[in-house]
file my_file_11.pdb (PDB, C-alpha atoms)
ATOM      1  CA  MET A   1      32.436 -32.422 136.336
ATOM      2  CA  PRO A   2      28.831 -32.748 135.211
ATOM      3  CA  LYS A   3      27.859 -36.189 134.016
ATOM      4  CA  TRP A   4      26.591 -34.933 130.643
ATOM      5  CA  PHE A   5      29.991 -33.312 129.971
ATOM      6  CA  LYS A   6      31.840 -36.552 130.904
ATOM      7  CA  ASN A   7      29.640 -38.559 128.530
ATOM      8  CA  SER A   8      30.214 -36.030 125.801
ATOM      9  CA  LEU A   9      34.005 -36.386 126.178
ATOM     10  CA  GLN A  10      33.747 -40.176 125.988
ATOM     11  CA  VAL A  11      31.687 -39.971 122.763
ATOM     12  CA  ASN A  12      34.209 -37.569 121.224
ATOM     13  CA  ASN A  13      37.034 -39.880 122.224
ATOM     14  CA  THR A  14      35.328 -42.858 120.533
ATOM     15  CA  ARG A  15      34.765 -40.779 117.383
ATOM     16  CA  MET A  16      38.425 -39.729 117.290
ATOM     17  CA  LYS A  17      39.526 -43.362 117.565
ATOM     18  CA  PHE A  18      37.185 -44.299 114.748
ATOM     19  CA  VAL A  19      38.459 -41.515 112.474
ATOM     20  CA  ARG A  20      42.095 -42.331 113.318
ATOM     21  CA  ASN A  21      41.611 -46.045 112.608
ATOM     22  CA  THR A  22      39.791 -45.315 109.355
ATOM     23  CA  LEU A  23      42.553 -42.994 108.172
ATOM     24  CA  PHE A  24      45.193 -45.583 109.049
ATOM     25  CA  LEU A  25      43.269 -48.270 107.175
ATOM     26  CA  LEU A  26      42.896 -46.029 104.103
ATOM     27  CA  PHE A  27      46.627 -45.222 104.193
ATOM     28  CA  ALA A  28      47.545 -48.927 104.449
ATOM     29  CA  VAL A  29      45.206 -49.851 101.609
ATOM     30  CA  SER A  30      46.522 -47.095  99.307
ATOM     31  CA  LEU A  31      50.122 -48.081 100.117
ATOM     32  CA  LEU A  32      49.397 -51.706  99.290
ATOM     33  CA  TYR A  33      47.589 -50.664  96.066
ATOM     34  CA  SER A  34      50.424 -48.488  94.843
ATOM     35  CA  CYS A  35      53.068 -51.137  95.676
ATOM     36  CA  SER A  36      51.233 -53.913  93.887
ATOM     37  CA  GLY A  37      50.432 -51.814  90.804
ATOM     38  CA  GLY A  38      46.762 -52.079  91.558
ATOM     39  CA  PHE A  39      44.662 -54.959  92.757
ATOM     40  CA  LYS A  40      43.583 -55.730  89.232
ATOM     41  CA  ASN A  41      45.525 -54.952  86.032
ATOM     42  CA  GLU A  42      43.573 -52.423  84.014
ATOM     43  CA  PRO A  43      43.241 -53.436  80.335
ATOM     44  CA  LYS A  44      45.867 -51.666  78.239
ATOM     45  CA  LEU A  45      45.741 -50.288  74.710
ATOM     46  CA  TYR A  46      48.527 -51.316  72.324
ATOM     47  CA  HIS A  47      49.211 -49.701  68.948
ATOM     48  CA  VAL A  48      50.426 -51.437  65.783
ATOM     49  CA  GLN A  49      51.378 -49.286  62.802
ATOM     50  CA  ILE A  50      50.912 -50.639  59.302
ATOM     51  CA  LYS A  51      53.842 -48.998  57.567
ATOM     52  CA  ASP A  52      56.036 -49.864  54.571
ATOM     53  CA  MET A  53      53.777 -52.901  53.985
ATOM     54  CA  LYS A  54      54.608 -54.363  57.406
ATOM     55  CA  PHE A  55      52.890 -54.659  60.790
ATOM     56  CA  GLN A  56      55.103 -52.760  63.214
ATOM     57  CA  PRO A  57      55.621 -54.461  65.615
ATOM     58  CA  ALA A  58      54.765 -57.699  63.831
ATOM     59  CA  GLU A  59      54.883 -59.672  67.097
ATOM     60  CA  LEU A  60      53.125 -58.308  70.153
ATOM     61  CA  ILE A  61      52.771 -59.716  73.692
ATOM     62  CA  VAL A  62      49.718 -58.564  75.680
ATOM     63  CA  ASP A  63      47.554 -59.621  78.617
ATOM     64  CA  LYS A  64      44.187 -61.233  78.084
ATOM     65  CA  GLY A  65      41.561 -58.501  77.722
ATOM     66  CA  ASP A  66      43.999 -55.886  76.406
ATOM     67  CA  THR A  67      43.084 -54.004  73.225
ATOM     68  CA  VAL A  68      45.211 -53.780  70.089
ATOM     69  CA  GLU A  69      44.655 -50.943  67.630
ATOM     70  CA  TRP A  70      46.069 -51.070  64.093
ATOM     71  CA  THR A  71      46.559 -47.836  62.117
ATOM     72  CA  ASN A  72      47.242 -47.770  58.391
ATOM     73  CA  MET A  73      50.136 -45.398  57.610
ATOM     74  CA  ASP A  74      50.660 -46.734  54.061
ATOM     75  CA  ILE A  75      49.546 -45.295  50.733
ATOM     76  CA  THR A  76      47.424 -48.379  49.961
ATOM     77  CA  ASP A  77      44.443 -49.894  51.793
ATOM     78  CA  HIS A  78      45.060 -52.684  54.300
ATOM     79  CA  ASP A  79      42.999 -54.849  56.611
ATOM     80  CA  VAL A  80      43.730 -57.105  59.576
ATOM     81  CA  THR A  81      42.250 -60.609  59.463
ATOM     82  CA  GLU A  82      42.703 -63.368  62.015
ATOM     83  CA  ASP A  83      44.154 -66.538  60.462
ATOM     84  CA  ALA A  84      41.712 -68.787  62.347
ATOM     85  CA  PRO A  85      38.468 -69.589  60.484
ATOM     86  CA  ASN A  86      35.558 -67.370  61.542
ATOM     87  CA  GLY A  87      37.968 -65.154  63.477
ATOM     88  CA  TRP A  88      37.902 -61.384  63.739
ATOM     89  CA  ALA A  89      38.553 -59.179  60.724
ATOM     90  CA  SER A  90      38.526 -55.487  60.014
ATOM     91  CA  ALA A  91      37.047 -53.840  56.961
ATOM     92  CA  PRO A  92      39.603 -52.423  54.494
ATOM     93  CA  MET A  93      41.285 -49.389  56.064
ATOM     94  CA  ALA A  94      42.295 -46.401  53.950
ATOM     95  CA  THR A  95      45.381 -44.329  54.779
ATOM     96  CA  GLY A  96      45.139 -42.924  58.313
ATOM     97  CA  LYS A  97      42.270 -45.164  59.404
ATOM     98  CA  SER A  98      42.370 -47.413  62.482
ATOM     99  CA  TRP A  99      40.627 -50.507  63.803
ATOM    100  CA  LYS A 100      40.857 -52.196  67.190
ATOM    101  CA  THR A 101      39.823 -55.384  68.940
ATOM    102  CA  VAL A 102      40.075 -56.955  72.405
ATOM    103  CA  ILE A 103      42.501 -59.874  72.535
ATOM    104  CA  GLU A 104      41.233 -62.975  74.332
ATOM    105  CA  LYS A 105      43.646 -65.621  73.033
ATOM    106  CA  ASN A 106      46.904 -66.185  71.156
ATOM    107  CA  THR A 107      46.367 -65.277  67.553
ATOM    108  CA  ASN A 108      48.093 -65.059  64.195
ATOM    109  CA  TYR A 109      46.764 -62.592  61.662
ATOM    110  CA  HIS A 110      47.445 -61.261  58.156
ATOM    111  CA  CYS A 111      46.357 -58.596  55.697
ATOM    112  CA  ASN A 112      43.763 -60.215  53.473
ATOM    113  CA  ILE A 113      44.541 -57.726  50.684
ATOM    114  CA  HIS A 114      48.291 -58.422  50.796
ATOM    115  CA  LYS A 115      48.425 -61.997  52.014
ATOM    116  CA  VAL A 116      52.191 -61.995  52.535
ATOM    117  CA  MET A 117      51.850 -59.433  55.370
ATOM    118  CA  LYS A 118      51.658 -61.322  58.670
ATOM    119  CA  GLY A 119      51.627 -60.631  62.416
ATOM    120  CA  SER A 120      50.873 -62.245  65.759
ATOM    121  CA  VAL A 121      49.533 -61.343  69.198
ATOM    122  CA  THR A 122      50.542 -63.618  72.085
ATOM    123  CA  LEU A 123      49.155 -63.654  75.609
ATOM    124  CA  GLU A 124      51.758 -63.181  78.332
TER     125      GLU A 124
ATOM    126  CA  MET B   1      61.818 -76.594  36.066
ATOM    127  CA  LYS B   2      65.226 -75.269  35.139
ATOM    128  CA  ILE B   3      63.872 -74.185  31.753
ATOM    129  CA  ILE B   4      60.961 -72.336  33.392
ATOM    130  CA  LYS B   5      63.309 -70.523  35.741
ATOM    131  CA  THR B   6      65.583 -69.604  32.854
ATOM    132  CA  CYS B   7      62.610 -68.300  30.836
ATOM    133  CA  ALA B   8      61.384 -66.247  33.816
ATOM    134  CA  ALA B   9      64.851 -64.813  34.312
ATOM    135  CA  LEU B  10      65.051 -63.935  30.622
ATOM    136  CA  ALA B  11      61.623 -62.317  30.769
ATOM    137  CA  ALA B  12      62.681 -60.255  33.788
ATOM    138  CA  SER B  13      65.903 -59.243  32.069
ATOM    139  CA  ALA B  14      63.992 -58.231  28.961
ATOM    140  CA  ALA B  15      61.589 -56.162  31.030
ATOM    141  CA  VAL B  16      64.429 -54.401  32.816
ATOM    142  CA  TYR B  17      66.008 -53.810  29.435
ATOM    143  CA  SER B  18      62.835 -52.219  28.119
ATOM    144  CA  LEU B  19      62.635 -49.983  31.165
ATOM    145  CA  THR B  20      66.218 -48.911  31.381
ATOM    146  CA  LEU B  21      67.815 -49.359  28.018
ATOM    147  CA  ILE B  22      65.891 -47.786  25.222
ATOM    148  CA  THR B  23      68.474 -48.404  22.536
ATOM    149  CA  PRO B  24      71.899 -50.020  22.584
ATOM    150  CA  VAL B  25      73.299 -46.484  22.665
ATOM    151  CA  TYR B  26      72.163 -46.321  26.320
ATOM    152  CA  ALA B  27      73.568 -49.740  27.120
ATOM    153  CA  GLN B  28      76.293 -48.286  29.303
ATOM    154  CA  LYS B  29      74.173 -45.857  31.320
ATOM    155  CA  ALA B  30      70.628 -45.329  32.589
ATOM    156  CA  PRO B  31      68.500 -42.722  30.800
ATOM    157  CA  LYS B  32      68.511 -39.251  32.390
ATOM    158  CA  LEU B  33      65.055 -38.085  33.435
ATOM    159  CA  ASN B  34      63.773 -34.869  34.958
ATOM    160  CA  ASP B  35      60.937 -34.792  37.524
ATOM    161  CA  ALA B  36      58.203 -34.284  34.899
ATOM    162  CA  GLU B  37      59.502 -37.327  32.998
ATOM    163  CA  ILE B  38      59.853 -39.385  36.184
ATOM    164  CA  ALA B  39      56.223 -38.571  37.047
ATOM    165  CA  SER B  40      55.188 -39.723  33.584
ATOM    166  CA  VAL B  41      57.123 -43.007  33.932
ATOM    167  CA  ALA B  42      55.602 -43.625  37.391
ATOM    168  CA  VAL B  43      52.039 -43.041  36.187
ATOM    169  CA  THR B  44      52.583 -45.105  33.025
ATOM    170  CA  ALA B  45      54.126 -48.055  34.898
ATOM    171  CA  ASN B  46      51.205 -48.131  37.351
ATOM    172  CA  GLN B  47      48.579 -47.768  34.610
ATOM    173  CA  ILE B  48      50.105 -50.661  32.662
ATOM    174  CA  ASP B  49      49.658 -53.009  35.617
ATOM    175  CA  ILE B  50      46.053 -51.801  36.076
ATOM    176  CA  ASN B  51      45.483 -52.705  32.417
ATOM    177  CA  TYR B  52      46.994 -56.174  32.903
ATOM    178  CA  ALA B  53      44.707 -56.644  35.929
ATOM    179  CA  ALA B  54      41.683 -55.672  33.823
ATOM    180  CA  ILE B  55      42.526 -58.448  31.346
ATOM    181  CA  ALA B  56      42.899 -60.929  34.224
ATOM    182  CA  LYS B  57      39.502 -59.946  35.628
ATOM    183  CA  GLU B  58      38.029 -60.495  32.201
ATOM    184  CA  LYS B  59      39.690 -63.836  31.420
ATOM    185  CA  SER B  60      40.559 -65.681  34.642
ATOM    186  CA  LYS B  61      38.363 -67.865  36.806
ATOM    187  CA  ASN B  62      41.105 -68.683  39.294
ATOM    188  CA  ALA B  63      40.268 -67.206  42.742
ATOM    189  CA  ALA B  64      43.900 -66.496  43.701
ATOM    190  CA  VAL B  65      44.606 -64.834  40.347
ATOM    191  CA  LEU B  66      41.423 -62.739  40.513
ATOM    192  CA  GLU B  67      42.178 -61.671  44.078
ATOM    193  CA  PHE B  68      45.724 -60.698  43.103
ATOM    194  CA  ALA B  69      44.453 -58.767  40.069
ATOM    195  CA  LYS B  70      41.972 -56.867  42.255
ATOM    196  CA  THR B  71      44.777 -55.883  44.631
ATOM    197  CA  MET B  72      46.965 -54.745  41.709
ATOM    198  CA  SER B  73      44.148 -52.658  40.290
ATOM    199  CA  ASN B  74      43.335 -50.967  43.618
ATOM    200  CA  ASP B  75      46.922 -50.440  44.803
ATOM    201  CA  HIS B  76      48.261 -49.056  41.520
ATOM    202  CA  LYS B  77      45.220 -46.765  41.231
ATOM    203  CA  SER B  78      45.986 -45.535  44.727
ATOM    204  CA  VAL B  79      49.607 -44.819  43.727
ATOM    205  CA  ILE B  80      48.462 -42.951  40.590
ATOM    206  CA  ASP B  81      46.042 -40.877  42.690
ATOM    207  CA  LYS B  82      48.870 -39.925  45.061
ATOM    208  CA  ALA B  83      51.200 -39.117  42.138
ATOM    209  CA  VAL B  84      48.582 -36.990  40.377
ATOM    210  CA  ALA B  85      47.806 -35.128  43.620
ATOM    211  CA  LEU B  86      51.516 -34.442  44.110
ATOM    212  CA  VAL B  87      52.268 -33.212  40.570
ATOM    213  CA  THR B  88      49.148 -31.027  40.730
ATOM    214  CA  LYS B  89      50.418 -29.525  43.980
ATOM    215  CA  LEU B  90      53.894 -29.048  42.521
ATOM    216  CA  HIS B  91      52.506 -27.611  39.241
ATOM    217  CA  VAL B  92      54.421 -30.267  37.307
ATOM    218  CA  THR B  93      52.957 -31.706  34.116
ATOM    219  CA  PRO B  94      54.062 -35.323  33.528
ATOM    220  CA  LYS B  95      56.087 -35.362  30.327
ATOM    221  CA  ASP B  96      56.044 -38.264  27.909
ATOM    222  CA  ASN B  97      59.546 -39.564  27.245
ATOM    223  CA  ALA B  98      61.527 -42.427  25.750
ATOM    224  CA  VAL B  99      61.105 -44.641  28.848
ATOM    225  CA  SER B 100      57.335 -44.180  29.141
ATOM    226  CA  LYS B 101      56.982 -44.730  25.365
ATOM    227  CA  SER B 102      59.051 -47.900  25.610
ATOM    228  CA  LEU B 103      56.928 -49.094  28.529
ATOM    229  CA  ASN B 104      53.730 -48.583  26.551
ATOM    230  CA  ALA B 105      55.180 -50.330  23.493
ATOM    231  CA  GLY B 106      56.207 -53.339  25.612
ATOM    232  CA  ALA B 107      52.829 -53.417  27.327
ATOM    233  CA  LYS B 108      51.026 -53.451  23.974
ATOM    234  CA  LYS B 109      52.867 -56.632  22.974
ATOM    235  CA  THR B 110      52.343 -58.252  26.385
ATOM    236  CA  LYS B 111      48.600 -57.492  26.338
ATOM    237  CA  ALA B 112      48.322 -59.104  22.886
ATOM    238  CA  LYS B 113      50.108 -62.217  24.171
ATOM    239  CA  LEU B 114      47.880 -62.404  27.259
ATOM    240  CA  ARG B 115      44.704 -61.927  25.224
ATOM    241  CA  ALA B 116      45.709 -64.828  22.974
ATOM    242  CA  LYS B 117      45.690 -67.243  25.928
ATOM    243  CA  SER B 118      42.890 -68.730  27.988
ATOM    244  CA  GLY B 119      42.241 -70.936  31.013
ATOM    245  CA  LYS B 120      45.236 -72.121  33.025
ATOM    246  CA  ALA B 121      47.648 -71.026  30.280
ATOM    247  CA  PHE B 122      46.380 -67.470  30.705
ATOM    248  CA  ASP B 123      46.604 -67.604  34.522
ATOM    249  CA  LYS B 124      50.192 -68.811  34.359
ATOM    250  CA  ALA B 125      51.169 -66.261  31.709
ATOM    251  CA  TYR B 126      49.557 -63.433  33.689
ATOM    252  CA  ILE B 127      51.278 -64.339  36.956
ATOM    253  CA  ASP B 128      54.638 -65.009  35.278
ATOM    254  CA  ASN B 129      54.403 -61.580  33.663
ATOM    255  CA  GLU B 130      53.476 -59.960  37.000
ATOM    256  CA  VAL B 131      56.567 -61.460  38.628
ATOM    257  CA  ALA B 132      58.826 -60.296  35.778
ATOM    258  CA  TYR B 133      57.140 -56.879  35.487
ATOM    259  CA  HIS B 134      57.398 -56.110  39.209
ATOM    260  CA  LYS B 135      61.070 -57.143  39.257
ATOM    261  CA  ALA B 136      61.702 -54.780  36.342
ATOM    262  CA  VAL B 137      59.755 -51.891  37.864
ATOM    263  CA  ILE B 138      61.499 -52.316  41.242
ATOM    264  CA  ALA B 139      64.863 -52.215  39.436
ATOM    265  CA  ALA B 140      63.833 -49.036  37.592
ATOM    266  CA  VAL B 141      62.391 -47.329  40.692
ATOM    267  CA  GLU B 142      65.479 -48.113  42.786
ATOM    268  CA  GLY B 143      68.055 -47.671  40.020
ATOM    269  CA  ILE B 144      66.673 -44.713  38.044
ATOM    270  CA  LEU B 145      63.598 -42.962  39.411
ATOM    271  CA  ILE B 146      64.544 -42.523  43.090
ATOM    272  CA  PRO B 147      68.203 -41.548  42.454
ATOM    273  CA  GLN B 148      67.243 -39.069  39.719
ATOM    274  CA  ALA B 149      64.198 -37.454  41.374
ATOM    275  CA  GLN B 150      65.057 -33.872  42.321
ATOM    276  CA  ASN B 151      61.975 -32.865  44.275
ATOM    277  CA  ALA B 152      62.031 -34.232  47.846
ATOM    278  CA  GLU B 153      58.287 -35.012  47.904
ATOM    279  CA  LEU B 154      58.473 -36.884  44.596
ATOM    280  CA  LYS B 155      61.470 -38.841  45.875
ATOM    281  CA  ALA B 156      59.577 -39.636  49.114
ATOM    282  CA  LEU B 157      56.540 -40.841  47.153
ATOM    283  CA  LEU B 158      58.720 -43.130  45.034
ATOM    284  CA  GLN B 159      60.397 -44.440  48.194
ATOM    285  CA  SER B 160      56.980 -45.209  49.692
ATOM    286  CA  VAL B 161      55.967 -47.054  46.508
ATOM    287  CA  ASP B 162      59.027 -49.320  46.606
ATOM    288  CA  PRO B 163      57.826 -51.552  49.500
ATOM    289  CA  VAL B 164      54.392 -51.767  47.824
ATOM    290  CA  LEU B 165      56.032 -53.152  44.670
ATOM    291  CA  LYS B 166      58.128 -55.608  46.692
ATOM    292  CA  THR B 167      55.014 -56.876  48.494
ATOM    293  CA  HIS B 168      53.277 -57.279  45.121
ATOM    294  CA  LEU B 169      56.265 -59.280  43.861
ATOM    295  CA  GLU B 170      56.192 -61.537  46.933
ATOM    296  CA  HIS B 171      52.432 -61.993  46.519
ATOM    297  CA  ALA B 172      52.821 -62.790  42.795
ATOM    298  CA  GLU B 173      55.545 -65.340  43.546
ATOM    299  CA  MET B 174      53.259 -66.952  46.137
ATOM    300  CA  VAL B 175      50.464 -67.307  43.551
ATOM    301  CA  GLN B 176      52.988 -68.430  40.926
ATOM    302  CA  LYS B 177      53.869 -71.483  43.047
ATOM    303  CA  GLN B 178      50.486 -73.065  42.315
ATOM    304  CA  PHE B 179      51.374 -73.065  38.604
ATOM    305  CA  ALA B 180      54.903 -74.427  39.093
ATOM    306  CA  GLY B 181      55.613 -77.380  36.846
ATOM    307  CA  LYS B 182      52.311 -76.975  34.971
TER     308      LYS B 182
END
call {"tool": "encode", "arguments": {"input": "my_file_11.pdb", "output": "structure tokens"}}
result
Amino acid sequence: MPKWFKNSLQVNNTRMKFVRNTLFLLFAVSLLYSCSGGFKNEPKLYHVQIKDMKFQPAELIVDKGDTVEWTNMDITDHDVTEDAPNGWASAPMATGKSWKTVIEKNTNYHCNIHKVMKGSVTLE
Amino acid sequence: MKIIKTCAALAASAAVYSLTLITPVYAQKAPKLNDAEIASVAVTANQIDINYAAIAKEKSKNAAVLEFAKTMSNDHKSVIDKAVALVTKLHVTPKDNAVSKSLNAGAKKTKAKLRAKSGKAFDKAYIDNEVAYHKAVIAAVEGILIPQAQNAELKALLQSVDPVLKTHLEHAEMVQKQFAGK
């Protein structure tokens, strides 16, 4: 067997091992990823309906960094205003309008137009 | 305190009476209304509260009262807009009737009483009236207008207004607490 052919076979063999090992590694990584639900939790979007003069659901549990979107389904305007001073607040929302914010901490909120309407978002 | 509660209860009873019982002849049963008359009562009842709010905006300097009045004005205008859009779509012309006439007559007297007051006495009278008026309107909406409405869309609109009125009542009672015992 010529020497150049022998060398060529050895190179091909090394390449095959590399490809096989890479594929195995990729398979193991994807298996681990799917079993764990992902290495990092992707931020989720939660929806709160404002209906019949209530936040539905009025109490929501989310992860830090998740987004909550409120949609006004009522016949009157509403807003969402954090109870804490200088907190977040939406502008008044007409029927069918939405507003969303990223949740970074436990928070209580209300409708500043109808102050008896209250809700909360709690971090898990 | 007991006297105030009794007076408020009497005021609410009187308001319900004016809404539901036009004359003693009707004392045993609620007045019968068709959809055109129900639409008229709904628009009239909302307009009356807008008018009360206009007086409050004119006379009050209390932040909670002014905020409440602004909400009443905006919300009841929104309800009227929805009602007008619906009757236009349904080709129904709101028809004046004994209940809407009685409402307007009662409102005329109440407005005169409110206009005669000023300062904290006005604020208290306005909020007390809002509590009594919303109790009366809720009773009429639940006891007369919703059960008697024939058109499904009109009935649905009235049903969607009911929680608005209840929230207004709760809000009014919250503001009323700051005048308790005064």
call {"tool": "interface_residues", "arguments": {"input": "my_file_11.pdb", "of": "chain A", "to": "chain B", "cutoff": "12 Å", "atoms": "all atoms listed in the file", "output": "JSON list (two decimals) with C-alpha atoms, keeping the file's coordinate frame"}}
result
[["chain", "number", "residue", "atom", "x", "y", "z"],
["A", 51, "LYS", "CA", 53.84, -49.00, 57.57],
["A", 52, "ASP", "CA", 56.04, -49.86, 54.57],
["A", 53, "MET", "CA", 53.78, -52.90, 53.98],
["A", 54, "LYS", "CA", 54.61, -54.36, 57.41],
["A", 73, "MET", "CA", 50.14, -45.40, 57.61],
["A", 74, "ASP", "CA", 50.66, -46.73, 54.06],
["A", 75, "ILE", "CA", 49.55, -45.30, 50.73],
["A", 76, "THR", "CA", 47.42, -48.38, 49.96],
["A", 77, "ASP", "CA", 44.44, -49.89, 51.79],
["A", 78, "HIS", "CA", 45.06, -52.68, 54.30],
["A", 92, "PRO", "CA", 39.60, -52.42, 54.49],
["A", 94, "ALA", "CA", 42.30, -46.40, 53.95],
["A", 95, "THR", "CA", 45.38, -44.33, 54.78],
["A", 111, "CYS", "CA", 46.36, -58.60, 55.70],
["A", 112, "ASN", "CA", 43.76, -60.22, 53.47],
["A", 113, "ILE", "CA", 44.54, -57.73, 50.68],
["A", 114, "HIS", "CA", 48.29, -58.42, 50.80],
["A", 115, "LYS", "CA", 48.42, -62.00, 52.01],
["A", 116, "VAL", "CA", 52.19, -62.00, 52.54],
["A", 117, "MET", "CA", 51.85, -59.43, 55.37],
["A", 118, "LYS", "CA", 51.66, -61.32, 58.67]]
call {"tool": "closest_residue", "arguments": {"input": "my_file_11.pdb", "among": "A:Pro43, A:Thr101, A:Gln56, A:Asn21", "to": "A:Ala89", "atoms": "all atoms listed in the file"}}
result
A:Thr101
call {"tool": "residues_around", "arguments": {"input": "my_file_11.pdb", "residues": "stretch 58-70 of chain A", "least_positions_apart": "3", "cutoff": "10 Å", "atoms": "all atoms listed in the file", "output": "MDAnalysis selection string"}}
result
chainID A and resid 41:50 54:55 73 78:80 90 93 97:106 108:110 117:124
call {"tool": "axis_aligned_box", "arguments": {"input": "my_file_11.pdb", "around": "stretch 79-90 of chain B", "padding_each_side": "8 Å", "output": "AutoDock Vina command-line options"}}
result
--center_x 50.0 --center_y -36.9 --center_z 42.7 --size_x 23.9 --size_y 31.8 --size_z 20.7
call {"tool": "closest_residue", "arguments": {"input": "my_file_11.pdb", "among": "B:Ala156, B:Ala139, B:Ile127, B:Ala149", "to": "B:Asn34", "atoms": "only C-alpha atoms"}}
result
B:Ala149
call {"tool": "residues_around", "arguments": {"input": "my_file_11.pdb", "residues": "B:Lys95", "least_positions_apart": "6", "cutoff": "6 Å", "atoms": "all atoms listed in the file", "output": "ChimeraX atom specification"}}
result
/B:36-37,40
call {"tool": "atom_distance", "arguments": {"input": "my_file_11.pdb", "atom1": "atom CA of B:Lys32", "atom2": "atom CA of B:Val131"}}
result
26.0 Å
call {"tool": "residues_around", "arguments": {"input": "my_file_11.pdb", "residues": "stretch 152-155 of chain B", "least_positions_apart": "6", "cutoff": "9 Å", "atoms": "all atoms listed in the file", "output": "number ranges by chain"}}
result
B: 35, 38-39, 83, 86-87, 145-146
call {"tool": "atom_distance", "arguments": {"input": "my_file_11.pdb", "atom1": "atom CA of B:Thr93", "atom2": "atom CA of B:Ala69"}}
result
29.0 Å
call {"tool": "resolve_selection", "arguments": {"input": "my_file_11.pdb", "expression": "the PyMOL selection byres ((chain B and resi 57) around 12)", "output": "CSV table (one decimal) with C-alpha atoms, in the frame of the given file"}}
result
chain,number,residue,atom,x,y,z
B,50,ILE,CA,46.1,-51.8,36.1
B,51,ASN,CA,45.5,-52.7,32.4
B,52,TYR,CA,47.0,-56.2,32.9
B,53,ALA,CA,44.7,-56.6,35.9
B,54,ALA,CA,41.7,-55.7,33.8
B,55,ILE,CA,42.5,-58.4,31.3
B,56,ALA,CA,42.9,-60.9,34.2
B,58,GLU,CA,38.0,-60.5,32.2
B,59,LYS,CA,39.7,-63.8,31.4
B,60,SER,CA,40.6,-65.7,34.6
B,61,LYS,CA,38.4,-67.9,36.8
B,62,ASN,CA,41.1,-68.7,39.3
B,63,ALA,CA,40.3,-67.2,42.7
B,64,ALA,CA,43.9,-66.5,43.7
B,65,VAL,CA,44.6,-64.8,40.3
B,66,LEU,CA,41.4,-62.7,40.5
B,67,GLU,CA,42.2,-61.7,44.1
B,68,PHE,CA,45.7,-60.7,43.1
B,69,ALA,CA,44.5,-58.8,40.1
B,70,LYS,CA,42.0,-56.9,42.3
B,71,THR,CA,44.8,-55.9,44.6
B,72,MET,CA,47.0,-54.7,41.7
B,73,SER,CA,44.1,-52.7,40.3
B,115,ARG,CA,44.7,-61.9,25.2
B,122,PHE,CA,46.4,-67.5,30.7
B,123,ASP,CA,46.6,-67.6,34.5
B,126,TYR,CA,49.6,-63.4,33.7
